[in-house]
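S.K.: Here you go, one structure.
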Amino acid sequence: MADNKETSEIRQDSIALDDRLIHEGIDELVKLDKSWWKYSYLRNLHWFVFLITLTSTNNGYDGSMLNGLQSLSTWQKAMGHPKGQKLGALSNGALYGNLVSFLFASYVSDKFGRKWCIMGGNFLTLVGAVLQGASTNYAFFLVSRIILGFGSGIATVSSPPLISEIAYPTYRPVCTTFYNVCWYLGALVAAWVTYGTRTLGDEYAWKIPSYLQGFMPVFQIAFMYWVPESPRWLISKGKNDKAQEVLARIHTGNATDEKSRKLVAFEMQEIQSTLEMEKIMATSRYVDFITIKSYRKRIFLAIFTGIMMQLSGNGLVSYYLNLVLNSIGIRGEKEQLQINGGLMAYNLVVSCIIAASVARFRRRTLFLTCVSGMLITYILWTILSALNQQRNFEDKSFANGVLAMIFLYYLSYNIGINGLPFLYVTEILPYSHRAKGINIFQLTQQLVSVYNGYVNPIAMDAIQWKYYIVYCCILVVELLVVYFFYVETSGYTLEEVAKVFGDDPNEVLMPLHSPSGKFHSNHHENENSDISSEKIAMVGSKV
C-alpha cells in the first residue's frame with residue numbers, strides 16, 4: 001500500500017509540476033551530493049549497465065578469435081586451409097546473420113521490450129557458439145557463424161537503447177560510449193584464450209575458443225532477469241505506473257523527498273513528450289534525403305562517417321592480422337597470438353581513457369586528429385613494410401617499426417572513429433528523419449564490411465604490402481572530406497545545428513511546450529535510432 005501511495009503522489013506531482021518544469025532545468029534535480037559510488041542504487045544501476053554492455057563483447061570476441069584461429073595449424077587443417085574468397089566468407093559469416101537480423105530486430109524490440117530481446121538474442125548466440133565449437137568442416141563452421149551473427153544482431157539492436165533509457169541522466173553519454181569500448185574487452189578475452197589453448201596441439205586448440213564465445217551470452221542471460229525494462233518502452237505500452245516505479249528505484253533509490261519526486265516527474269514528462277514528438281516520423285520519407293538540399297548534406301555526412309568507420313584500414317587488422325604479420329616476416333604461431341593479445345589489451349585501455357574524456361573536445365578536432373594520425377601512421381607503415389620485404393625480412397627493426405605503427409594507428413582510430421560517430425550522426429540528423437538516417441548509416445557499415453571480408457584477404461595474398469597504398473589514398477580523401485565538409489556540432493543547441501545546415505529550426509524542432517520557454521536539459525533520451533544521444537532543448541537554450 002505504501003508503494004501505491006508513493007506512486008500516486010508522484011503522478012500528482014507530475015501534473016502539478018507540468019508548468020513549472022518548463023522554467024526549471026534538470027541540472028539541479030540530477031545533481032548528487034556525493035560521488036555516485038556512495039549511492040547503493042547507482043552502484044546497482046551501473047552494474048546493470050555493465051551487464052548490457054557485454055553484448056558488444058561478442059563482436060570483439062569474434063574478430064579477435066578468428067584472427068587467432070588463422071594462426072593455428074589445426075584450425076587451418078580442419079577448415080581446408082581457406083584463402084581468398086573462402087576465408088572472406090568465414091569472416092563475413094557472422095555479418096550475414098547480422099544483416100538478416102535487421103529485418104526482425106527492431107520489431108521484436110518494440111513488441112516484446114529491450115530486455116527480453118537481449119535475452120532472446122543471447123540465447124541464439126549461445127546456440128551458434130555451441131554449433132561453432134562442434135563444427136567438423138568448413139560448411140558446418142560457416143553455418144554456425146551465421147546463426148551466431150543472427151542472435152548477436154538481435155541483441156545488439158536493443159542493448160544501446162536500453163543503456164541510454166535506464167542510465168542516470170548525468171552519466172548517460174559516458175555509459176553509452178562505453179558500450180563500444182567493451183568491443184575490445186571481448187577481443188582481449190578471445191586473444192588470450194586462443195593463445196592459451198594453442199599448446200594443446202589438437203582440434204581442441206580451436207574448439208575451446210569457439211565454445212567459449214558463448215560464455216558472455218550465458219553470463220548475461222543469468223543476470224539479465226534483474227535488469228529493469230526500459231521506462232520509455234513501458235510508457236509506450238501504456239504501463240506508466242510501472243515506468244514510474246522503475247525510474248524511482250534506479251534514479252532515486254525510492255526516495256520520497258521533494259527533489260527525488262521532481263526528478264521522476266520530470267523524466268516521466270520528458271519521455272511522454274518525446275513519444276508525442278515521434279508522431280512526426282509518420283510523415284518523413286527516405287526520399288527527403290534527396291529532394292531537400294540541406295538533408296542531402298546531412299545524409300552524405302552520415303554515409304561517409306559509416307564508410308570511415310569500416311574503410312580506414314582497420315578491417316585489415318581486425319580480421320586479418322595474421323596476414324599483415326606474415327607480410328612483414330612474423331610467422332610464428334606463438335608470436336602472432338602474443339601480438340594479437342597485446343594489441344587488444346592496449347586498445348581496451350586507450351579506448352577507456354578516450355571515452356572518459358571525449359566530451360572535453362570539439363567534434364571536428366577529434367575527427368581531424370583521428371584521420372590525420374591514421375594517414376601518417378599508414379604511410380610510415382607502408383614504407384617500412386616495403387623496406388622490410390626488399391631486405392628479405394632480415395632486419396627485424398623494420399618489422400618492429402611496422403608493429404609500432406599498428407599500435408599508433410589504433411591510438412588515432414580510437415580518438416575519433418570508435419565511439420564518436422554514433423554521437424555525431426545523431427546530432428546532424430533532424431529528429432523527424434533520425435531513425436531513417438541512422439538505418440542508412442548502419443547499413444553503410446555492413447556493406448563496407450562485406451567488402452572488407454572478401455577483398456582484403458584476396459588483395460593481401462596477391463600484392464601484400466602494396467595494398468596498403470590503397471588505404472593511404474582513401475585516408476587522404478577522408479581527411480579532405482572531414483576538413484571541408486564536416487560541420488561542428490558540439491556546444492550548440494538543436495536550433496543552432498539546424499542553422500548550420502541552412503534549415504528553419506521550427507521545421508526540425510518541435511518544442512516540448514511553448515516556443516518561448518528557456519528550458520534546457522542534459523538528459524539524453526534515446527529515440528528509435530538505437531544509439532541516440534539527442535540533446536533535448538528548448539529554443540534559445542544552451543546545452
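Ordering of the C-alpha cells sets the chain letters (A, B, ...); residue numbers start at 1 within each chain; ligands are numbered from 1 in the order shown.
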Hey, what's within 9 Å of Ile406 in chain A if we count only C-alpha atoms and toss same-chain stuff fewer than 3 positions away? As a compact mmCIF listing (two decimals) with N, CA and C atoms, in the first residue's frame, please?

M.R.:
# COMPACT_ATOMS: atom_id res chain seq x y z
N VAL A 317 43.44 -5.29 -39.82
CA VAL A 317 43.94 -5.78 -38.54
C VAL A 317 42.84 -6.48 -37.75
N LEU A 343 47.78 -6.19 -28.51
CA LEU A 343 47.09 -5.11 -29.21
C LEU A 343 45.70 -4.89 -28.63
N THR A 377 50.43 7.35 -39.87
CA THR A 377 50.90 6.03 -39.46
C THR A 377 50.81 5.02 -40.60
N TYR A 378 49.77 5.15 -41.44
CA TYR A 378 49.64 4.22 -42.56
C TYR A 378 50.74 4.44 -43.61
N TRP A 381 53.78 2.96 -42.09
CA TRP A 381 53.54 1.51 -42.10
C TRP A 381 53.86 0.93 -43.48
N GLY A 401 59.18 -1.72 -36.43
CA GLY A 401 58.63 -0.42 -36.80
C GLY A 401 57.20 -0.51 -37.29
N VAL A 402 56.90 -1.55 -38.09
CA VAL A 402 55.53 -1.76 -38.55
C VAL A 402 54.60 -2.01 -37.37
N LEU A 403 55.05 -2.82 -36.41
CA LEU A 403 54.24 -3.08 -35.22
C LEU A 403 53.95 -1.79 -34.46
N TYR A 409 48.50 3.61 -34.99
CA TYR A 409 47.32 3.74 -35.84
C TYR A 409 46.05 3.58 -35.01
N TYR A 410 46.02 2.58 -34.14
CA TYR A 410 44.82 2.35 -33.33
C TYR A 410 44.61 3.43 -32.28
N LEU A 411 45.67 4.08 -31.84
CA LEU A 411 45.50 5.23 -30.97
C LEU A 411 44.70 6.30 -31.70

S.K.: I'd like a table as CSV: residues in range 28-110 of chain A with an atom no more than 10 Å from range 438-459 of chain A, each row giving the shortest atom pair and its distance in Å to one decimal, only C-alpha atoms counted, sorted by chain and rising residue number.

M.R.:
residue,atom,partner,partner_atom,distance
A:Lys83,CA,A:Pro457,CA,7.2
A:Gly84,CA,A:Ile458,CA,4.5
A:Gln85,CA,A:Tyr454,CA,5.6
A:Lys86,CA,A:Tyr454,CA,8.3
A:Leu87,CA,A:Pro457,CA,7.3
A:Gly88,CA,A:Tyr454,CA,4.4
A:Ala89,CA,A:Tyr454,CA,6.8
A:Leu90,CA,A:Gly453,CA,8.3
A:Ser91,CA,A:Gly453,CA,5.7
A:Asn92,CA,A:Gly453,CA,5.6
A:Gly93,CA,A:Gly453,CA,9.3
A:Leu95,CA,A:Gln446,CA,7.3
A:Tyr96,CA,A:Val450,CA,8.7
A:Asn98,CA,A:Gln446,CA,8.6
A:Leu99,CA,A:Gln446,CA,7.4
A:Phe102,CA,A:Leu443,CA,9.3

S.K.: Atoms to include: C-alpha atoms. Write the selected residues as a short mmCIF file (atom, residue, chain, number, x, y, z; two decimals), in the first residue's frame.

M.R.:
data_model
loop_
_atom_site.label_atom_id
_atom_site.label_comp_id
_atom_site.auth_asym_id
_atom_site.auth_seq_id
_atom_site.Cartn_x
_atom_site.Cartn_y
_atom_site.Cartn_z
CA LYS A 83 42.15 -18.46 -48.54
CA GLY A 84 40.79 -15.58 -50.56
CA GLN A 85 37.02 -15.81 -51.05
CA LYS A 86 36.61 -18.84 -48.79
CA LEU A 87 38.37 -17.08 -45.93
CA GLY A 88 36.34 -13.95 -46.64
CA ALA A 89 33.09 -15.94 -46.43
CA LEU A 90 34.06 -17.25 -42.98
CA SER A 91 34.88 -13.74 -41.79
CA ASN A 92 31.56 -12.47 -43.13
CA GLY A 93 29.55 -15.39 -41.72
CA LEU A 95 27.89 -10.42 -40.72
CA TYR A 96 25.40 -12.33 -42.89
CA ASN A 98 23.57 -9.66 -38.60
CA LEU A 99 22.12 -8.42 -41.89
CA PHE A 102 17.96 -6.32 -39.05
#

S.K.: Which neighbours of Ile147 in chain A fall inside 12 Å, counting only C-alpha atoms, when residues of the same chain fewer than 2 positions from it are skipped, and could you give them as number ranges by chain?

M.R.: A: 93-101, 121-132, 140-145, 149-154

S.K.: Name the residues of range 70-261 of chain A that come out as alpha helix (DSSP H) in a backbone DSSP run; write them as a PDB file with C-alpha atoms, in the first residue's frame.

M.R.:
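Final output, saved to selection24.pdb:
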ATOM      1  CA  SER A  73      47.571 -25.130 -37.928  1.00  0.00           C
ATOM      2  CA  THR A  74      44.872 -27.435 -36.505  1.00  0.00           C
ATOM      3  CA  TRP A  75      42.117 -24.986 -37.446  1.00  0.00           C
ATOM      4  CA  GLN A  76      43.612 -24.445 -40.896  1.00  0.00           C
ATOM      5  CA  LYS A  77      43.624 -28.208 -41.468  1.00  0.00           C
ATOM      6  CA  ALA A  78      40.037 -28.675 -40.237  1.00  0.00           C
ATOM      7  CA  GLY A  84      40.786 -15.579 -50.558  1.00  0.00           C
ATOM      8  CA  GLN A  85      37.023 -15.811 -51.049  1.00  0.00           C
ATOM      9  CA  LYS A  86      36.614 -18.843 -48.790  1.00  0.00           C
ATOM     10  CA  LEU A  87      38.370 -17.080 -45.931  1.00  0.00           C
ATOM     11  CA  GLY A  88      36.336 -13.954 -46.644  1.00  0.00           C
ATOM     12  CA  ALA A  89      33.087 -15.935 -46.427  1.00  0.00           C
ATOM     13  CA  LEU A  90      34.063 -17.253 -42.982  1.00  0.00           C
ATOM     14  CA  SER A  91      34.878 -13.745 -41.794  1.00  0.00           C
ATOM     15  CA  ASN A  92      31.559 -12.471 -43.129  1.00  0.00           C
ATOM     16  CA  GLY A  93      29.552 -15.387 -41.719  1.00  0.00           C
ATOM     17  CA  ALA A  94      28.508 -13.523 -38.584  1.00  0.00           C
ATOM     18  CA  LEU A  95      27.885 -10.421 -40.715  1.00  0.00           C
ATOM     19  CA  TYR A  96      25.396 -12.327 -42.890  1.00  0.00           C
ATOM     20  CA  GLY A  97      23.481 -13.275 -39.764  1.00  0.00           C
ATOM     21  CA  ASN A  98      23.567  -9.664 -38.604  1.00  0.00           C
ATOM     22  CA  LEU A  99      22.119  -8.421 -41.894  1.00  0.00           C
ATOM     23  CA  VAL A 100      19.224 -10.892 -41.719  1.00  0.00           C
ATOM     24  CA  SER A 101      18.530  -9.961 -38.090  1.00  0.00           C
ATOM     25  CA  ALA A 105      15.284  -6.934 -34.537  1.00  0.00           C
ATOM     26  CA  SER A 106      13.551  -3.548 -34.368  1.00  0.00           C
ATOM     27  CA  TYR A 107      10.093  -5.129 -34.489  1.00  0.00           C
ATOM     28  CA  VAL A 108      10.966  -7.648 -31.770  1.00  0.00           C
ATOM     29  CA  SER A 109      12.490  -4.932 -29.591  1.00  0.00           C
ATOM     30  CA  ASP A 110       9.417  -2.698 -29.872  1.00  0.00           C
ATOM     31  CA  LYS A 111       6.975  -5.577 -29.495  1.00  0.00           C
ATOM     32  CA  PHE A 112       8.470  -7.501 -26.574  1.00  0.00           C
ATOM     33  CA  ARG A 114      14.533  -4.278 -24.885  1.00  0.00           C
ATOM     34  CA  LYS A 115      15.342  -6.656 -22.042  1.00  0.00           C
ATOM     35  CA  TRP A 116      13.693  -9.767 -23.478  1.00  0.00           C
ATOM     36  CA  CYS A 117      15.063  -9.023 -26.929  1.00  0.00           C
ATOM     37  CA  ILE A 118      18.602  -9.034 -25.493  1.00  0.00           C
ATOM     38  CA  MET A 119      17.981 -12.305 -23.675  1.00  0.00           C
ATOM     39  CA  GLY A 120      16.496 -13.957 -26.767  1.00  0.00           C
ATOM     40  CA  GLY A 121      19.356 -12.762 -28.966  1.00  0.00           C
ATOM     41  CA  ASN A 122      21.909 -14.035 -26.476  1.00  0.00           C
ATOM     42  CA  PHE A 123      20.232 -17.449 -26.438  1.00  0.00           C
ATOM     43  CA  LEU A 124      20.595 -17.691 -30.232  1.00  0.00           C
ATOM     44  CA  THR A 125      24.202 -16.512 -29.946  1.00  0.00           C
ATOM     45  CA  LEU A 126      24.820 -19.297 -27.443  1.00  0.00           C
ATOM     46  CA  VAL A 127      23.332 -21.849 -29.846  1.00  0.00           C
ATOM     47  CA  GLY A 128      25.612 -20.581 -32.616  1.00  0.00           C
ATOM     48  CA  ALA A 129      28.679 -20.761 -30.349  1.00  0.00           C
ATOM     49  CA  VAL A 130      27.919 -24.373 -29.377  1.00  0.00           C
ATOM     50  CA  LEU A 131      27.481 -25.352 -33.030  1.00  0.00           C
ATOM     51  CA  GLN A 132      30.664 -23.473 -33.913  1.00  0.00           C
ATOM     52  CA  GLY A 133      32.635 -25.467 -31.359  1.00  0.00           C
ATOM     53  CA  ALA A 134      31.070 -28.707 -32.579  1.00  0.00           C
ATOM     54  CA  TYR A 138      34.175 -25.560 -43.357  1.00  0.00           C
ATOM     55  CA  ALA A 139      30.429 -25.600 -44.181  1.00  0.00           C
ATOM     56  CA  PHE A 140      29.423 -26.530 -40.612  1.00  0.00           C
ATOM     57  CA  PHE A 141      31.602 -23.738 -39.196  1.00  0.00           C
ATOM     58  CA  LEU A 142      30.188 -21.176 -41.652  1.00  0.00           C
ATOM     59  CA  VAL A 143      26.531 -22.006 -40.913  1.00  0.00           C
ATOM     60  CA  SER A 144      27.135 -21.857 -37.154  1.00  0.00           C
ATOM     61  CA  ARG A 145      28.671 -18.388 -37.564  1.00  0.00           C
ATOM     62  CA  ILE A 146      25.597 -17.199 -39.464  1.00  0.00           C
ATOM     63  CA  ILE A 147      23.345 -18.378 -36.611  1.00  0.00           C
ATOM     64  CA  LEU A 148      25.689 -16.758 -34.090  1.00  0.00           C
ATOM     65  CA  GLY A 149      25.623 -13.482 -36.006  1.00  0.00           C
ATOM     66  CA  PHE A 150      21.821 -13.540 -36.228  1.00  0.00           C
ATOM     67  CA  GLY A 151      21.477 -13.832 -32.455  1.00  0.00           C
ATOM     68  CA  SER A 152      24.137 -11.215 -31.851  1.00  0.00           C
ATOM     69  CA  GLY A 153      22.341  -8.823 -34.211  1.00  0.00           C
ATOM     70  CA  ILE A 154      19.037  -9.260 -32.356  1.00  0.00           C
ATOM     71  CA  ALA A 155      20.693  -8.476 -29.014  1.00  0.00           C
ATOM     72  CA  THR A 156      22.772  -5.598 -30.394  1.00  0.00           C
ATOM     73  CA  VAL A 157      19.768  -3.633 -31.650  1.00  0.00           C
ATOM     74  CA  SER A 158      18.262  -3.414 -28.150  1.00  0.00           C
ATOM     75  CA  SER A 159      21.360  -3.029 -25.979  1.00  0.00           C
ATOM     76  CA  PRO A 160      22.449   0.594 -26.655  1.00  0.00           C
ATOM     77  CA  PRO A 161      18.846   1.901 -26.365  1.00  0.00           C
ATOM     78  CA  LEU A 162      18.343   0.119 -23.056  1.00  0.00           C
ATOM     79  CA  ILE A 163      21.568   1.601 -21.691  1.00  0.00           C
ATOM     80  CA  SER A 164      20.520   5.084 -22.779  1.00  0.00           C
ATOM     81  CA  GLU A 165      16.997   4.678 -21.429  1.00  0.00           C
ATOM     82  CA  ILE A 166      17.916   3.468 -17.923  1.00  0.00           C
ATOM     83  CA  ARG A 172      24.201   8.728 -19.867  1.00  0.00           C
ATOM     84  CA  PRO A 173      26.755   9.924 -22.500  1.00  0.00           C
ATOM     85  CA  VAL A 174      29.636   8.078 -20.822  1.00  0.00           C
ATOM     86  CA  CYS A 175      27.584   4.915 -20.256  1.00  0.00           C
ATOM     87  CA  THR A 176      26.515   4.856 -23.905  1.00  0.00           C
ATOM     88  CA  THR A 177      30.066   5.486 -25.135  1.00  0.00           C
ATOM     89  CA  PHE A 178      31.434   2.653 -23.031  1.00  0.00           C
ATOM     90  CA  TYR A 179      29.176   0.244 -24.890  1.00  0.00           C
ATOM     91  CA  ASN A 180      31.601   0.378 -27.825  1.00  0.00           C
ATOM     92  CA  VAL A 181      34.625   0.159 -25.539  1.00  0.00           C
ATOM     93  CA  CYS A 182      33.527  -3.328 -24.482  1.00  0.00           C
ATOM     94  CA  TRP A 183      34.192  -4.496 -28.043  1.00  0.00           C
ATOM     95  CA  TYR A 184      37.830  -4.531 -27.009  1.00  0.00           C
ATOM     96  CA  LEU A 185      37.022  -6.434 -23.818  1.00  0.00           C
ATOM     97  CA  GLY A 186      35.663  -9.296 -25.917  1.00  0.00           C
ATOM     98  CA  ALA A 187      38.638  -9.053 -28.264  1.00  0.00           C
ATOM     99  CA  LEU A 188      41.067  -9.181 -25.337  1.00  0.00           C
ATOM    100  CA  VAL A 189      39.457 -12.299 -23.852  1.00  0.00           C
ATOM    101  CA  ALA A 190      39.436 -14.096 -27.227  1.00  0.00           C
ATOM    102  CA  ALA A 191      43.046 -13.213 -27.978  1.00  0.00           C
ATOM    103  CA  TRP A 192      44.413 -14.658 -24.762  1.00  0.00           C
ATOM    104  CA  VAL A 193      42.078 -17.671 -24.714  1.00  0.00           C
ATOM    105  CA  THR A 194      43.327 -18.597 -28.181  1.00  0.00           C
ATOM    106  CA  TYR A 195      46.902 -18.034 -27.042  1.00  0.00           C
ATOM    107  CA  GLY A 196      46.367 -20.274 -24.014  1.00  0.00           C
ATOM    108  CA  THR A 197      44.878 -23.169 -25.992  1.00  0.00           C
ATOM    109  CA  TYR A 204      40.526 -28.520 -29.042  1.00  0.00           C
ATOM    110  CA  ALA A 205      43.039 -25.731 -29.607  1.00  0.00           C
ATOM    111  CA  TRP A 206      40.380 -24.035 -31.751  1.00  0.00           C
ATOM    112  CA  LYS A 207      37.227 -25.719 -30.428  1.00  0.00           C
ATOM    113  CA  ILE A 208      37.615 -24.386 -26.876  1.00  0.00           C
ATOM    114  CA  PRO A 209      37.810 -20.703 -28.001  1.00  0.00           C
ATOM    115  CA  SER A 210      34.813 -21.392 -30.274  1.00  0.00           C
ATOM    116  CA  TYR A 211      32.731 -22.826 -27.436  1.00  0.00           C
ATOM    117  CA  LEU A 212      33.771 -20.027 -25.082  1.00  0.00           C
ATOM    118  CA  PHE A 215      30.321 -17.573 -22.196  1.00  0.00           C
ATOM    119  CA  MET A 216      29.345 -13.890 -22.226  1.00  0.00           C
ATOM    120  CA  PRO A 217      25.817 -14.630 -23.543  1.00  0.00           C
ATOM    121  CA  VAL A 218      25.356 -17.205 -20.744  1.00  0.00           C
ATOM    122  CA  PHE A 219      26.630 -14.685 -18.174  1.00  0.00           C
ATOM    123  CA  GLN A 220      24.201 -12.050 -19.450  1.00  0.00           C
ATOM    124  CA  ILE A 221      21.236 -14.417 -19.534  1.00  0.00           C
ATOM    125  CA  ALA A 222      21.965 -15.460 -15.927  1.00  0.00           C
ATOM    126  CA  PHE A 223      21.810 -11.900 -14.593  1.00  0.00           C
ATOM    127  CA  PRO A 231      10.857   3.043 -18.796  1.00  0.00           C
ATOM    128  CA  ARG A 232      10.442   4.508 -22.268  1.00  0.00           C
ATOM    129  CA  TRP A 233       9.229   1.177 -23.645  1.00  0.00           C
ATOM    130  CA  LEU A 234       6.900   0.724 -20.678  1.00  0.00           C
ATOM    131  CA  ILE A 235       5.320   4.148 -21.262  1.00  0.00           C
ATOM    132  CA  SER A 236       4.967   3.423 -24.974  1.00  0.00           C
ATOM    133  CA  ASN A 240       3.056   4.351 -16.867  1.00  0.00           C
ATOM    134  CA  ASP A 241       2.816   3.187 -13.261  1.00  0.00           C
ATOM    135  CA  LYS A 242       5.457   0.523 -13.841  1.00  0.00           C
ATOM    136  CA  ALA A 243       7.705   3.065 -15.591  1.00  0.00           C
ATOM    137  CA  GLN A 244       7.426   5.396 -12.592  1.00  0.00           C
ATOM    138  CA  GLU A 245       8.346   2.570 -10.253  1.00  0.00           C
ATOM    139  CA  VAL A 246      11.422   1.727 -12.342  1.00  0.00           C
ATOM    140  CA  LEU A 247      12.605   5.355 -12.553  1.00  0.00           C
ATOM    141  CA  ALA A 248      12.066   5.907  -8.832  1.00  0.00           C
ATOM    142  CA  ARG A 249      14.029   2.760  -7.988  1.00  0.00           C
ATOM    143  CA  ILE A 250      17.034   3.196 -10.312  1.00  0.00           C
ATOM    144  CA  HIS A 251      17.385   7.004 -10.239  1.00  0.00           C
ATOM    145  CA  THR A 252      16.373   7.925  -6.675  1.00  0.00           C
ATOM    146  CA  GLU A 258      10.776  16.645  -2.975  1.00  0.00           C
ATOM    147  CA  LYS A 259      13.896  16.684  -5.172  1.00  0.00           C
ATOM    148  CA  SER A 260      13.635  12.959  -5.946  1.00  0.00           C
ATOM    149  CA  ARG A 261       9.922  13.177  -6.693  1.00  0.00           C
TER     150      ARG A 261
END

S.K.: Any idea what's packed within 12 Å of Glu488 in chain A, counting only C-alpha atoms, ignoring anything in its chain fewer than 4 positions away? Could you give it as a list in words?

M.R.: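 My list of contacting residues is Leu301, Phe361, Arg362, Arg363, Arg364, Thr365, Leu366, Phe367, Leu368, Tyr424, Val425, Glu427, Ile428, Val482, Tyr483, Phe484, Tyr492, Thr493, Glu496, Val497, Ala498, Lys499, Val500 and Phe501 of chain A.
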
S.K.: Suppose we keep N, CA and C atoms; can you now write the selection as a short mmCIF file (atom, residue, chain, number, x, y, z; two decimals), in the first residue's frame?

M.R.:
data_model
loop_
_atom_site.label_atom_id
_atom_site.label_comp_id
_atom_site.auth_asym_id
_atom_site.auth_seq_id
_atom_site.Cartn_x
_atom_site.Cartn_y
_atom_site.Cartn_z
N LEU A 301 27.01 13.18 -44.90
CA LEU A 301 27.89 13.08 -43.74
C LEU A 301 27.66 11.77 -42.98
N PHE A 361 36.40 17.74 -25.88
CA PHE A 361 36.93 18.23 -27.15
C PHE A 361 35.82 18.41 -28.18
N ARG A 362 36.08 19.28 -29.16
CA ARG A 362 35.12 19.53 -30.22
C ARG A 362 35.13 18.38 -31.22
N ARG A 363 33.99 18.18 -31.89
CA ARG A 363 33.83 17.04 -32.79
C ARG A 363 34.83 17.09 -33.96
N ARG A 364 34.94 18.24 -34.63
CA ARG A 364 35.84 18.35 -35.78
C ARG A 364 37.29 18.14 -35.36
N THR A 365 37.66 18.63 -34.20
CA THR A 365 39.02 18.45 -33.70
C THR A 365 39.35 16.97 -33.55
N LEU A 366 38.41 16.22 -33.00
CA LEU A 366 38.63 14.79 -32.81
C LEU A 366 38.70 14.06 -34.15
N PHE A 367 37.79 14.38 -35.07
CA PHE A 367 37.80 13.74 -36.38
C PHE A 367 39.09 14.04 -37.14
N LEU A 368 39.50 15.32 -37.16
CA LEU A 368 40.70 15.70 -37.89
C LEU A 368 41.96 15.08 -37.29
N TYR A 424 27.87 11.88 -33.27
CA TYR A 424 27.87 12.89 -34.32
C TYR A 424 26.69 12.71 -35.29
N VAL A 425 26.47 11.48 -35.73
CA VAL A 425 25.38 11.22 -36.67
C VAL A 425 24.03 11.55 -36.06
N GLU A 427 23.47 13.87 -33.91
CA GLU A 427 23.35 15.32 -33.82
C GLU A 427 23.06 15.98 -35.17
N ILE A 428 23.61 15.44 -36.26
CA ILE A 428 23.43 16.11 -37.56
C ILE A 428 22.09 15.77 -38.21
N VAL A 482 36.56 15.49 -44.36
CA VAL A 482 36.33 15.95 -42.99
C VAL A 482 36.66 17.44 -42.87
N TYR A 483 37.78 17.85 -43.45
CA TYR A 483 38.20 19.25 -43.32
C TYR A 483 37.23 20.21 -44.00
N PHE A 484 36.76 19.86 -45.19
CA PHE A 484 35.96 20.81 -45.96
C PHE A 484 34.45 20.65 -45.75
N TYR A 492 26.40 23.35 -29.32
CA TYR A 492 25.26 24.01 -29.94
C TYR A 492 23.94 23.43 -29.48
N THR A 493 22.91 24.26 -29.54
CA THR A 493 21.56 23.76 -29.34
C THR A 493 21.09 23.15 -30.65
N GLU A 496 20.70 25.80 -33.30
CA GLU A 496 21.93 26.26 -33.94
C GLU A 496 22.48 25.23 -34.92
N VAL A 497 22.36 23.95 -34.60
CA VAL A 497 22.80 22.91 -35.53
C VAL A 497 21.97 22.98 -36.80
N ALA A 498 20.67 23.22 -36.66
CA ALA A 498 19.80 23.35 -37.83
C ALA A 498 20.25 24.51 -38.71
N LYS A 499 20.62 25.61 -38.09
CA LYS A 499 21.05 26.79 -38.86
C LYS A 499 22.34 26.53 -39.62
N VAL A 500 23.21 25.67 -39.07
CA VAL A 500 24.45 25.33 -39.75
C VAL A 500 24.16 24.73 -41.13
N PHE A 501 23.04 23.99 -41.22
CA PHE A 501 22.65 23.37 -42.48
C PHE A 501 21.71 24.25 -43.30
#

S.K.: Please indicate the distance in Å from CA of Thr136 in chain A to CA of Asn322 in chain A, rounded to one decimal place.

M.R.: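 Separation between CA of Thr136 in chain A and CA of Asn322 in chain A: 22.8 Å.
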
S.K.: At what distance in Å, to one decimal, does CA of Leu275 in chain A lie from CA of Pro228 in chain A?

M.R.: 19.7 Å

S.K.: Within 8 Å of Gly419 in chain A, counting only C-alpha atoms, which residues show up once you throw out same-chain ones fewer than 2 positions away? Write them as a compact mmCIF listing (two decimals) with N, CA and C atoms, in the first residue's frame, please.

M.R.:
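Produced file out.txt, reproduced below:
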# COMPACT_ATOMS: atom_id res chain seq x y z
N THR A 177 28.78 5.58 -24.45
CA THR A 177 30.07 5.49 -25.13
C THR A 177 30.82 4.22 -24.75
N ASN A 180 30.67 0.72 -26.75
CA ASN A 180 31.60 0.38 -27.83
C ASN A 180 32.97 -0.02 -27.29
N VAL A 181 33.34 0.50 -26.13
CA VAL A 181 34.63 0.16 -25.54
C VAL A 181 34.69 -1.33 -25.23
N ALA A 355 37.11 7.49 -24.02
CA ALA A 355 35.67 7.56 -23.77
C ALA A 355 35.36 8.43 -22.56
N ASN A 414 40.96 5.16 -32.35
CA ASN A 414 40.11 5.23 -31.16
C ASN A 414 39.74 6.66 -30.78
N GLY A 416 38.74 9.07 -32.78
CA GLY A 416 37.61 9.65 -33.50
C GLY A 416 36.63 8.71 -34.14
N ILE A 417 36.96 7.42 -34.29
CA ILE A 417 36.06 6.55 -35.05
C ILE A 417 35.59 5.34 -34.24
N PRO A 421 31.36 8.58 -33.81
CA PRO A 421 30.41 8.64 -34.94
C PRO A 421 28.95 8.50 -34.54
N PHE A 422 28.64 7.66 -33.55
CA PHE A 422 27.24 7.49 -33.15
C PHE A 422 26.67 8.79 -32.57
N LEU A 423 27.48 9.49 -31.81
CA LEU A 423 27.05 10.77 -31.26
C LEU A 423 26.90 11.81 -32.37

S.K.: May I ask which of the residues A:Ile292, A:Ala404, A:Met460, A:Met224 is the closest one to Leu384 in chain A, counting only C-alpha atoms?

M.R.: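 When distances to Leu384 in chain A are compared using only C-alpha atoms, the smallest one comes from A:Ala404.
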
S.K.: Of the candidates A:Gln464, A:Asn400, A:Asn340, A:Gln389, which shows the shortest atom-to-atom distance to Leu69 in chain A, using only C-alpha atoms?

M.R.: A:Asn340

S.K.: Could you check which of A:Gly60, A:Trp37, A:Thr256, A:Leu480 is closest to Asn347 in chain A, using only C-alpha atoms?

M.R.: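 Ranking A:Gly60, A:Trp37, A:Thr256, A:Leu480 by distance to Asn347 in chain A, first place goes to A:Gly60.
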
S.K.: Between A:Ser312, A:Asn67, A:Asn254, A:Gln390, which residue has the minimum interatomic distance to Tyr471 in chain A, considering only C-alpha atoms?

M.R.: A:Ser312

S.K.: What is the CA of Leu337 in chain A to CA of Leu72 in chain A distance in Å?

M.R.: 9.3 Å

S.K.: Point out the residue among A:Cys472, A:Ala399, A:Val481, A:Ala356 with the least atom-to-atom distance to Gly373 in chain A, counting only C-alpha atoms.

M.R.: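 Counting only C-alpha atoms, the residue closest to Gly373 in chain A is A:Cys472.
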